[in-house]
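Everything below belongs to my_file.txt, which stores compact mmCIF, C-alpha atoms.
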```txt
# COMPACT_ATOMS: atom_id res chain seq x y z
CA MET A 18 40.25 -33.25 -17.52
CA LYS A 19 38.72 -36.64 -18.13
CA ILE A 20 35.15 -36.60 -19.45
CA GLN A 21 32.96 -38.35 -16.92
CA ASN A 22 29.80 -40.29 -17.36
CA PRO A 23 26.82 -38.65 -15.60
CA LYS A 24 26.18 -41.93 -13.78
CA ASP A 25 29.73 -41.87 -12.37
CA LEU A 26 29.11 -38.34 -11.12
CA GLU A 27 26.41 -39.61 -8.76
CA GLU A 28 29.18 -41.08 -6.59
CA LYS A 29 30.84 -37.68 -6.13
CA VAL A 30 29.78 -35.66 -3.07
CA TRP A 31 30.17 -32.29 -4.76
CA TYR A 32 27.86 -33.38 -7.59
CA ARG A 33 25.16 -34.49 -5.16
CA ILE A 34 25.51 -31.15 -3.31
CA ALA A 35 25.15 -29.34 -6.65
CA LYS A 36 21.95 -31.30 -7.35
CA VAL A 37 20.57 -30.38 -3.90
CA LEU A 38 21.41 -26.72 -4.56
CA TYR A 39 19.68 -27.01 -7.94
CA GLY A 40 16.58 -28.37 -6.19
CA ILE A 41 16.72 -25.51 -3.66
CA GLY A 42 16.97 -23.08 -6.59
CA TRP A 43 13.79 -24.56 -8.06
CA LEU A 44 12.09 -24.35 -4.69
CA PHE A 45 13.09 -20.68 -4.49
CA VAL A 46 11.63 -20.01 -7.97
CA ILE A 47 8.42 -21.86 -7.14
CA LEU A 48 7.96 -20.04 -3.80
CA SER A 49 8.75 -16.66 -5.34
CA VAL A 50 5.67 -16.91 -7.58
CA PRO A 51 3.01 -16.76 -4.80
CA LEU A 52 5.13 -14.23 -2.92
CA THR A 53 5.20 -12.01 -6.03
CA ILE A 54 1.42 -12.34 -6.38
CA TYR A 55 0.92 -11.46 -2.71
CA VAL A 56 3.16 -8.39 -2.86
CA LEU A 57 1.79 -7.03 -6.14
CA GLN A 58 -1.90 -7.82 -5.70
CA PRO A 59 -4.20 -4.80 -5.82
CA ASN A 60 -5.25 -3.44 -2.45
CA THR A 61 -7.76 -0.76 -1.58
CA TYR A 62 -6.95 1.96 0.91
CA ILE A 63 -8.50 5.21 2.07
CA ASP A 64 -6.78 8.06 0.27
CA MET A 65 -6.80 11.07 2.58
CA ASP A 66 -5.29 13.20 -0.22
CA LYS A 67 -8.49 12.75 -2.27
CA SER A 68 -10.98 12.67 0.62
CA TYR A 69 -12.82 15.81 1.72
CA PHE A 70 -15.16 17.14 4.38
CA THR A 71 -18.32 19.10 3.75
CA CYS A 72 -19.69 21.79 6.05
CA PRO A 73 -23.44 22.20 6.67
CA ASP A 74 -23.51 25.16 4.27
CA GLY A 75 -22.34 22.85 1.45
CA SER A 76 -18.75 24.05 1.15
CA ALA A 77 -16.19 21.26 0.74
CA PHE A 78 -12.55 21.22 1.87
CA GLU A 79 -9.68 18.84 1.11
CA THR A 80 -8.36 16.61 3.87
CA LYS A 81 -4.88 16.54 2.32
CA GLY A 82 -2.38 16.14 5.15
CA MET A 83 -5.08 15.24 7.69
CA THR A 84 -5.48 11.85 9.34
CA ARG A 85 -8.65 10.01 10.21
CA ASP A 86 -9.67 8.42 13.50
CA TYR A 87 -9.32 4.67 13.00
CA GLN A 88 -11.67 3.83 15.87
CA LYS A 89 -14.58 5.91 14.54
CA GLU A 90 -15.53 5.74 10.88
CA GLY A 91 -16.16 9.10 9.27
CA ILE A 92 -14.32 11.17 11.89
CA LEU A 93 -10.95 12.88 11.63
CA SER A 94 -8.27 12.51 14.29
CA HIS A 95 -8.67 14.80 17.30
CA GLY A 96 -6.59 17.79 16.14
CA ASP A 97 -7.83 17.59 12.55
CA ASP A 98 -11.39 17.17 13.81
CA GLN A 99 -11.09 20.44 15.75
CA ARG A 100 -9.70 22.24 12.68
CA ALA A 101 -12.54 20.93 10.48
CA ARG A 102 -15.14 21.98 13.06
CA ALA A 103 -13.57 25.42 13.35
CA THR A 104 -13.49 25.80 9.57
CA CYS A 105 -17.17 24.92 9.33
CA ALA A 106 -18.07 27.11 12.32
CA ASN A 107 -16.33 30.11 10.73
CA ARG A 108 -18.30 29.62 7.49
CA GLN A 109 -21.67 29.36 9.17
CA ALA A 110 -24.12 32.23 9.41
CA TYR A 111 -24.41 32.66 13.16
CA SER A 112 -27.56 33.50 14.98
CA GLU A 113 -27.73 36.63 17.09
CA ASP A 114 -27.16 34.52 20.22
CA VAL A 115 -23.85 33.20 18.88
CA LYS A 116 -22.72 36.69 17.84
CA ASN A 117 -23.58 38.05 21.28
CA ARG A 118 -21.59 35.28 22.95
CA GLN A 119 -18.60 36.03 20.71
CA ASP A 120 -18.78 39.75 21.49
CA ARG A 121 -18.94 39.00 25.24
CA ALA A 122 -15.93 36.68 24.95
CA ARG A 123 -13.93 39.37 23.13
CA GLN A 124 -14.79 41.89 25.84
CA GLU A 125 -13.60 39.45 28.48
CA GLY A 126 -10.23 39.18 26.67
CA TYR A 127 -10.41 35.76 25.03
CA ASP A 128 -8.19 35.26 21.95
CA GLU A 129 -9.76 34.45 18.57
CA ASN A 130 -8.75 30.74 18.62
CA THR A 131 -10.46 30.23 21.97
CA ILE A 132 -13.53 32.15 20.78
CA THR A 133 -13.71 29.97 17.66
CA GLN A 134 -13.38 26.82 19.76
CA LEU A 135 -16.04 27.96 22.24
CA THR A 136 -18.35 28.96 19.36
CA ASN A 137 -17.85 25.59 17.73
CA GLU A 138 -18.64 23.78 20.98
CA TYR A 139 -21.74 25.90 21.54
CA ILE A 140 -23.04 25.36 17.99
CA THR A 141 -22.39 21.63 18.16
CA LYS A 142 -24.14 21.31 21.54
CA ALA A 143 -27.06 23.43 20.38
CA ASP A 144 -27.43 21.51 17.11
CA PRO A 145 -25.55 18.17 17.06
CA SER A 146 -26.18 17.74 13.33
CA ASN A 147 -24.23 20.93 12.77
CA VAL A 148 -20.91 19.21 12.16
CA TYR A 149 -18.93 18.43 9.04
CA THR A 150 -19.51 15.35 6.94
CA LEU A 151 -16.37 13.41 6.09
CA THR A 152 -16.34 11.72 2.68
CA LEU A 153 -13.61 9.10 2.44
CA VAL A 154 -12.36 8.29 -1.06
CA LYS A 155 -10.90 4.84 -1.62
CA SER A 156 -8.04 4.25 -4.06
CA THR A 157 -6.49 1.07 -5.38
CA ASN A 158 -2.78 0.35 -5.37
CA GLY A 159 -1.43 -2.25 -7.83
CA SER A 160 -3.19 -4.42 -10.43
CA TRP A 161 -3.61 -8.09 -11.24
CA ASP A 162 -2.19 -7.54 -14.72
CA ASN A 163 1.03 -6.19 -13.26
CA ALA A 164 1.22 -9.02 -10.72
CA PHE A 165 0.80 -11.75 -13.35
CA MET A 166 3.31 -10.13 -15.71
CA TRP A 167 5.88 -10.17 -12.91
CA VAL A 168 5.02 -13.80 -12.09
CA ILE A 169 5.57 -14.82 -15.69
CA GLY A 170 8.82 -12.83 -15.79
CA VAL A 171 10.08 -14.34 -12.52
CA GLY A 172 9.17 -17.83 -13.72
CA ILE A 173 10.88 -17.46 -17.10
CA VAL A 174 14.01 -15.82 -15.70
CA GLY A 175 14.22 -18.36 -12.87
CA TYR A 176 13.78 -21.29 -15.23
CA GLY A 177 16.32 -19.87 -17.70
CA ALA A 178 18.91 -19.16 -15.00
CA LEU A 179 18.60 -22.62 -13.45
CA GLU A 180 18.80 -24.38 -16.81
CA LEU A 181 21.86 -22.31 -17.77
CA ILE A 182 23.57 -23.20 -14.48
CA LYS A 183 22.70 -26.89 -14.93
CA LYS A 184 24.01 -27.02 -18.50
CA THR A 185 27.18 -25.15 -17.53
CA VAL A 186 27.90 -27.59 -14.70
CA MET A 187 27.25 -30.54 -17.03
CA TYR A 188 29.56 -29.06 -19.68
CA ILE A 189 32.35 -28.48 -17.16
CA THR A 190 32.07 -31.94 -15.59
CA THR A 191 31.18 -34.15 -18.55
CA GLY A 192 32.03 -32.10 -21.61
CA LYS A 193 28.41 -32.41 -22.77
CA LYS A 194 27.78 -29.43 -25.09
CA PHE A 195 24.73 -27.19 -25.02
CA GLN A 196 22.05 -28.50 -27.28
CA PRO A 197 18.84 -26.50 -27.81
CA TYR A 198 15.65 -28.38 -27.02
CA LEU A 199 14.30 -28.03 -30.56
CA ILE A 200 17.30 -29.85 -32.08
CA LYS A 201 17.50 -32.39 -29.29
CA ASN A 202 13.87 -33.54 -29.61
CA ARG A 203 13.97 -34.18 -33.41
```
Taking this structure as input, can you express it in the form of structure tokens?
Amino acid sequence: MKIQNPKDLEEKVWYRIAKVLYGIGWLFVILSVPLTIYVLQPNTYIDMDKSYFTCPDGSAFETKGMTRDYQKEGILSHGDDQRARATCANRQAYSEDVKNRQDRARQEGYDENTITQLTNEYITKADPSNVYTLTLVKSTNGSWDNAFMWVIGVGIVGYGALELIKKTVMYITTGKKFQPYLIKNR
């Protein structure tokens, strides 16, 4: 193959296409940096595995596996809210009135789940402050250090890959050998 002058290569269509692809490669590397930062940036979220609810008597219970109501801050979703209320109602020292109501409900044939639900509703209506307190714990996912390390890595690998491709194409087309930058600039 005849060694060509780089200026003569400008007339070849395939060489101009290769230069455009090289430019697109650089564009890809440059755009991947902010995308990497965006994906790896730290974000804060509510960790339901670490959150807990506290009953009026001071006992605390994990909310692991429960979900929260996204429309109302500090409230669990409907089914989990009922379970938390029932848990707190079962732990509470009931007044004689509540115990009498439970006994009457048992005599009338209500099952224990219904009795617990009715007791919870009665206690809540009688004393609205008598509900659980939900404590939401926030956790952070990711870190800036990790994001910037990846950005540096993506930049270095992208630059190295594009330079290697460019020098390989130049060697194949012109016979110009690889020359490290330190030797070249002396």
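If you look at atom CA of Leu135 of chain A and atom CA of Lys81 of chain A, they are 25.5 Å away from each other.
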Nearest-residue call for Gly175 of chain A, choices A:Asp64, A:Leu26, A:Trp43, A:Gly126, using all atoms listed in the file
A:Trp43
Excluding Ile54 of chain A and residues on its chain fewer than 4 positions from it, collect all residues at most 7 Å away from it, counting only C-alpha atoms, and give them as a list in words.
Val50, Gln58, Ala164 and Val168 of chain A
Which residues are close to Phe165 of chain A, i.e. within 10 Å by only C-alpha atoms, leaving aside same-chain residues fewer than 2 positions away? Reply as a compact mmCIF listing (two decimals) with C-alpha atoms, keeping the file's coordinate frame.
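Output file selection-v2.txt follows:
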```
# COMPACT_ATOMS: atom_id res chain seq x y z
CA VAL A 50 5.67 -16.91 -7.58
CA THR A 53 5.20 -12.01 -6.03
CA ILE A 54 1.42 -12.34 -6.38
CA LEU A 57 1.79 -7.03 -6.14
CA GLN A 58 -1.90 -7.82 -5.70
CA SER A 160 -3.19 -4.42 -10.43
CA TRP A 161 -3.61 -8.09 -11.24
CA ASP A 162 -2.19 -7.54 -14.72
CA ASN A 163 1.03 -6.19 -13.26
CA TRP A 167 5.88 -10.17 -12.91
CA VAL A 168 5.02 -13.80 -12.09
CA ILE A 169 5.57 -14.82 -15.69
CA GLY A 170 8.82 -12.83 -15.79
CA VAL A 171 10.08 -14.34 -12.52
```
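Remark: for Ile63 of chain A, the closest of the candidate residues A:Thr84, A:Asn137, A:Gln119, A:Ser156 is A:Ser156 (distances computed over only C-alpha atoms).
With only C-alpha atoms as the atoms that count, the residue of A:Val154, A:Gln134, A:Gly75, A:Ile182 with the shortest distance to Lys36 of chain A is A:Ile182.
For the pair atom CA of Asp97 of chain A and atom CA of Arg123 of chain A, the interatomic distance is 25.0 Å.
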Is there a way to get, as number ranges by chain, all residues within 12 Å of the point (-13.4, 23.0, 10.5) in file coordinates, counting all atoms listed in the file?
A: 69-73, 76-80, 83, 92-93, 95-109, 133-134, 136-138, 141, 147-151
Please compute the atom CA of Ser68 of chain A-atom CA of Leu153 of chain A distance, one decimal, in Å.
4.8 Å
Would you mind listing what lies within 10 Å of Gly40 of chain A as a CSV table (one decimal) with C-alpha atoms, keeping the file's coordinate frame, with only C-alpha atoms counted and same-chain residues fewer than 6 positions away left out?
```csv
chain,number,residue,atom,x,y,z
A,34,ILE,CA,25.5,-31.2,-3.3
A,46,VAL,CA,11.6,-20.0,-8.0
A,179,LEU,CA,18.6,-22.6,-13.4
```
